[in-house]
$ cat upload.cif   # mmCIF, C-alpha atoms
data_coords
#
loop_
_atom_site.label_atom_id
_atom_site.label_comp_id
_atom_site.auth_asym_id
_atom_site.auth_seq_id
_atom_site.Cartn_x
_atom_site.Cartn_y
_atom_site.Cartn_z
CA MET A 1239 -0.52 24.84 3.46
CA THR A 1240 2.85 25.85 2.07
CA GLU A 1241 4.30 24.74 -1.23
CA TYR A 1242 6.79 22.57 0.62
CA ASP A 1243 4.07 20.71 2.51
CA ALA A 1244 2.13 20.09 -0.71
CA LEU A 1245 5.27 18.75 -2.38
CA ARG A 1246 5.97 16.56 0.63
CA ILE A 1247 2.49 15.01 0.43
CA PHE A 1248 2.93 14.43 -3.32
CA HIS A 1249 6.38 12.92 -2.63
CA VAL A 1250 4.98 10.46 -0.10
CA LEU A 1251 2.13 9.46 -2.43
CA ALA A 1252 4.60 8.95 -5.29
CA ALA A 1253 6.74 6.74 -3.02
CA VAL A 1254 3.77 4.57 -2.17
CA ALA A 1255 2.71 4.47 -5.83
CA ALA A 1256 6.22 3.39 -6.85
CA THR A 1257 6.31 0.64 -4.24
CA GLY A 1258 2.86 -0.78 -4.98
CA PRO A 1259 3.39 -2.31 -8.44
CA LEU A 1260 6.71 -3.83 -7.45
CA LEU A 1261 4.97 -5.83 -4.76
CA VAL A 1262 2.94 -7.59 -7.49
CA ALA A 1263 5.69 -7.88 -10.11
CA PRO A 1264 7.67 -10.69 -8.39
CA TRP A 1265 4.53 -12.84 -8.33
CA LEU A 1266 3.91 -12.14 -12.03
CA SER A 1267 7.48 -13.00 -12.95
CA ALA A 1268 7.37 -16.21 -10.87
CA GLN A 1269 4.27 -17.31 -12.81
CA LEU A 1270 6.30 -17.19 -16.04
CA LYS A 1271 8.12 -20.35 -14.93
CA ARG A 1272 5.01 -22.50 -15.46
CA CYS A 1273 3.08 -20.52 -18.06
CA ASP A 1274 1.98 -21.61 -21.51
CA GLU A 1275 1.54 -19.70 -24.76
CA LEU A 1276 -1.94 -18.49 -23.73
CA THR A 1277 -0.88 -16.86 -20.45
CA LYS A 1278 2.53 -15.63 -21.63
CA PRO A 1279 1.25 -12.40 -23.27
CA LEU A 1280 -0.89 -11.57 -20.25
CA LEU A 1281 1.98 -12.01 -17.80
CA LEU A 1282 4.41 -10.03 -19.95
CA ARG A 1283 1.87 -7.21 -20.37
CA GLY A 1284 1.36 -7.20 -16.60
CA LEU A 1285 5.10 -6.87 -16.06
CA THR A 1286 5.30 -4.09 -18.65
CA PHE A 1287 2.43 -2.26 -16.94
CA THR A 1288 4.04 -2.53 -13.48
CA ASP A 1289 7.32 -1.30 -14.94
CA ARG A 1290 5.67 1.68 -16.66
CA PHE A 1291 3.67 2.57 -13.54
CA TYR A 1292 6.82 2.28 -11.42
CA ASN A 1293 8.79 4.53 -13.79
CA VAL A 1294 6.10 7.23 -13.89
CA ALA A 1295 5.80 7.23 -10.09
CA GLY A 1296 9.61 7.25 -9.85
CA TRP A 1297 9.85 10.36 -12.01
CA GLY A 1298 7.24 12.04 -9.82
CA LEU A 1299 9.26 11.05 -6.80
CA ILE A 1300 12.53 12.37 -8.24
CA LEU A 1301 11.05 15.67 -9.43
CA SER A 1302 9.19 16.34 -6.18
CA GLY A 1303 12.36 15.51 -4.22
CA VAL A 1304 14.42 17.94 -6.29
CA LEU A 1305 11.81 20.66 -5.81
CA MET A 1306 11.71 20.02 -2.06
CA PHE A 1307 15.49 20.38 -1.88
CA TRP A 1308 15.32 23.55 -3.93
CA LEU A 1309 12.63 25.05 -1.69
CA LEU A 1310 14.13 24.09 1.66
CA ASP A 1311 17.77 23.17 1.83
CA TRP A 1312 20.01 21.70 -0.84
CA ARG A 1313 22.66 20.77 1.78
CA ARG A 1314 20.43 17.90 2.87
CA SER A 1315 21.68 16.06 -0.20
CA PHE A 1316 24.92 15.41 1.75
CA GLU A 1317 23.13 13.56 4.54
CA VAL A 1318 23.60 9.81 4.90
CA TRP A 1319 19.92 8.94 4.40
CA PHE A 1320 19.88 10.74 1.04
CA MET A 1321 23.10 9.19 -0.23
CA LEU A 1322 21.89 5.75 0.86
CA SER A 1323 18.62 6.28 -1.00
CA VAL A 1324 20.43 7.42 -4.16
CA SER A 1325 22.76 4.40 -3.96
CA LEU A 1326 19.79 2.07 -3.70
CA PHE A 1327 18.14 3.83 -6.65
CA VAL A 1328 21.29 3.38 -8.75
CA LEU A 1329 21.35 -0.33 -7.84
CA ASP A 1330 17.68 -0.53 -8.81
CA SER A 1331 18.42 1.02 -12.20
CA VAL A 1332 21.35 -1.33 -12.82
CA LEU A 1333 19.14 -4.34 -12.02
CA GLU A 1334 16.52 -3.09 -14.45
CA LYS A 1335 18.95 -2.44 -17.31
CA CYS A 1336 21.16 -5.52 -16.84
CA LEU A 1337 18.66 -8.20 -15.81
CA ARG A 1338 15.05 -7.24 -16.35
CA ASP A 1339 15.07 -5.50 -19.74
CA PRO A 1340 17.25 -8.05 -21.62
CA ALA A 1341 15.29 -10.96 -20.13
CA ARG A 1342 11.97 -9.41 -21.16
CA GLU A 1343 13.24 -9.07 -24.73
CA VAL A 1344 14.22 -12.75 -24.79
CA LEU A 1345 10.86 -13.81 -23.35
CA GLU A 1346 8.94 -11.78 -25.92
CA ARG A 1347 10.86 -13.39 -28.81
CA THR A 1348 10.78 -17.03 -27.66
CA GLN A 1349 8.00 -19.48 -27.06
CA ALA A 1350 7.22 -20.70 -23.58
CA GLN A 1351 9.21 -23.70 -22.35
CA THR A 1352 11.91 -23.52 -25.04
CA GLU A 1353 15.60 -23.82 -24.19
CA GLN A 1354 16.11 -20.07 -23.62
CA TRP A 1355 12.90 -19.68 -21.61
CA GLN A 1356 13.97 -20.83 -18.13
CA PRO A 1357 17.26 -18.84 -17.94
CA ALA A 1358 15.40 -15.70 -19.08
CA VAL A 1359 12.65 -16.33 -16.52
CA ARG A 1360 15.28 -16.63 -13.77
CA ARG A 1361 16.92 -13.39 -14.89
CA ILE A 1362 13.68 -11.44 -15.03
CA TYR A 1363 12.62 -12.83 -11.65
CA LEU A 1364 15.92 -11.82 -10.04
CA GLY A 1365 15.70 -8.37 -11.64
CA VAL A 1366 12.12 -7.81 -10.52
CA LEU A 1367 12.79 -9.11 -7.01
CA GLY A 1368 15.92 -6.96 -6.73
CA GLN A 1369 14.01 -3.88 -7.85
CA ALA A 1370 11.22 -4.57 -5.37
CA LEU A 1371 13.71 -4.98 -2.53
CA CYS A 1372 15.59 -1.81 -3.49
CA THR A 1373 12.40 0.22 -3.69
CA CYS A 1374 11.13 -1.10 -0.36
CA ALA A 1375 14.54 -0.37 1.18
CA ILE A 1376 14.39 3.22 -0.10
CA LEU A 1377 10.91 3.61 1.38
CA LEU A 1378 12.15 2.14 4.67
CA VAL A 1379 15.12 4.54 4.75
CA MET A 1380 12.77 7.48 4.18
CA LEU A 1381 10.40 6.31 6.90
CA LEU A 1382 13.22 5.66 9.36
CA HIS A 1383 14.76 9.04 8.65
CA SER A 1384 11.53 10.89 9.22
CA GLN A 1385 10.44 8.92 12.31
CA MET A 1386 13.64 8.16 14.24
CA THR A 1387 14.10 10.20 17.39
CA LEU A 1388 17.82 9.48 17.41
CA ASN A 1389 18.15 10.71 13.82
CA MET A 1390 20.96 8.29 13.07
CA LEU A 1391 20.35 8.75 9.35
CA ALA A 1392 20.49 12.55 9.58
CA LEU A 1393 24.29 12.67 9.83
CA ARG A 1394 26.00 15.06 7.42
CA LEU A 1395 29.28 14.28 5.73
CA PHE A 1396 30.11 17.86 4.76
#

$ encode --input "upload.cif" --output "structure tokens"
Amino acid sequence: MTEYDALRIFHVLAAVAATGPLLVAPWLSAQLKRCDELTKPLLLRGLTFTDRFYNVAGWGLILSGVLMFWLLDWRRSFEVWFMLSVSLFVLDSVLEKCLRDPAREVLERTQAQTEQWQPAVRRIYLGVLGQALCTCAILLVMLLHSQMTLNMLALRLF
């Protein structure tokens, strides 16, 4: 097995590992709407764990992708599928920094069912759901690119 094939396997496993926790995170954030002071810490720790796991898998995904480009062909970074994936990743990061992180800080400081609780729960839910959709869309783009016989996503701009 070549180095490229080993990196490709690692890349696929990192993509699945990044997608997995974000399938559970929307459910956890939805449960915050009706939680009490006893379940609040558990739900927030669960969301923190899914975020940490997602970030570690994301770094593995980014680093393995860069190494695959370096080993094979850096010009692939100008293909539509790659630019679409990077755009979705940027949107994912914006959702995390603008919605999810500030809402988590508010939820950690306030008690459940106070005045600030419900707006913060809505923000964290939208952030988590947006991240999950972006990550699943990136995975779908990768799968479509690698499996499509028409190779519609393999167009090059330059």

$ closest_atom_pairs --input "upload.cif" --of "stretch 1265-1350 of chain A" --to "stretch 1245-1248 of chain A" --cutoff "9 Å" --atoms "only C-alpha atoms" --output "CSV"
residue,atom,partner,partner_atom,distance
A:Gly1298,CA,A:Phe1248,CA,8.2
A:Leu1299,CA,A:Phe1248,CA,8.0
A:Ser1302,CA,A:Leu1245,CA,6.0
A:Gly1303,CA,A:Leu1245,CA,8.0
A:Leu1305,CA,A:Leu1245,CA,7.6
A:Met1306,CA,A:Leu1245,CA,6.6

$ closest_residue --input "upload.cif" --among "A:Phe1327, A:Lys1271, A:Tyr1242, A:Ala1263" --to "A:Pro1357" --atoms "all atoms listed in the file"
A:Lys1271

$ axis_aligned_box --input "upload.cif" --around "stretch 1338-1350 of chain A" --padding-each-side "5 Å" --output "AutoDock Vina command-line options"
--center_x 12.2 --center_y -13.1 --center_z -22.6 --size_x 20.0 --size_y 25.2 --size_z 22.5

$ closest_atom_pairs --input "upload.cif" --of "stretch 1252-1286 of chain A" --to "stretch 1328-1344 of chain A" --cutoff "10 Å" --atoms "all atoms listed in the file" --output "CSV"
residue,atom,partner,partner_atom,distance
A:Leu1282,CA,A:Arg1342,CA,7.7
A:Leu1285,CA,A:Arg1342,CA,8.9
A:Thr1286,CA,A:Arg1342,CA,8.9

$ atom_distance --input "upload.cif" --atom1 "atom CA of A:Leu1326" --atom2 "atom CA of A:Ser1267"
21.5 Å

$ resolve_selection --input "upload.cif" --expression "the PyMOL selection byres ((chain A and resi 1255) around 12)" --output "VMD selection string"
chain A and resid 1248 to 1254 1256 to 1261 1288 to 1299 1373 to 1374 1377

$ residues_around --input "upload.cif" --residues "A:Ala1350" --least-positions-apart "4" --cutoff "10 Å" --atoms "only C-alpha atoms" --output "VMD selection string"
chain A and resid 1270 to 1278 1345 to 1346 1354 to 1356 1359

$ atom_distance --input "upload.cif" --atom1 "atom CA of A:Ala1370" --atom2 "atom CA of A:Pro1264"
7.7 Å

$ closest_residue --input "upload.cif" --among "A:Val1318, A:Leu1367, A:Val1324, A:Ala1244" --to "A:His1383" --atoms "only C-alpha atoms"
A:Val1318

$ resolve_selection --input "upload.cif" --expression "the PyMOL selection byres ((chain A and resi 1319) around 7)" --output "ChimeraX atom specification"
/A:1317-1318,1320-1323,1379,1383,1391-1392

$ write_last_selection --input "upload.cif" --atoms "C-alpha atoms" --output "compact mmCIF listing (two decimals), in the coordinates of the input"
# COMPACT_ATOMS: atom_id res chain seq x y z
CA GLU A 1317 23.13 13.56 4.54
CA VAL A 1318 23.60 9.81 4.90
CA PHE A 1320 19.88 10.74 1.04
CA MET A 1321 23.10 9.19 -0.23
CA LEU A 1322 21.89 5.75 0.86
CA SER A 1323 18.62 6.28 -1.00
CA VAL A 1379 15.12 4.54 4.75
CA HIS A 1383 14.76 9.04 8.65
CA LEU A 1391 20.35 8.75 9.35
CA ALA A 1392 20.49 12.55 9.58
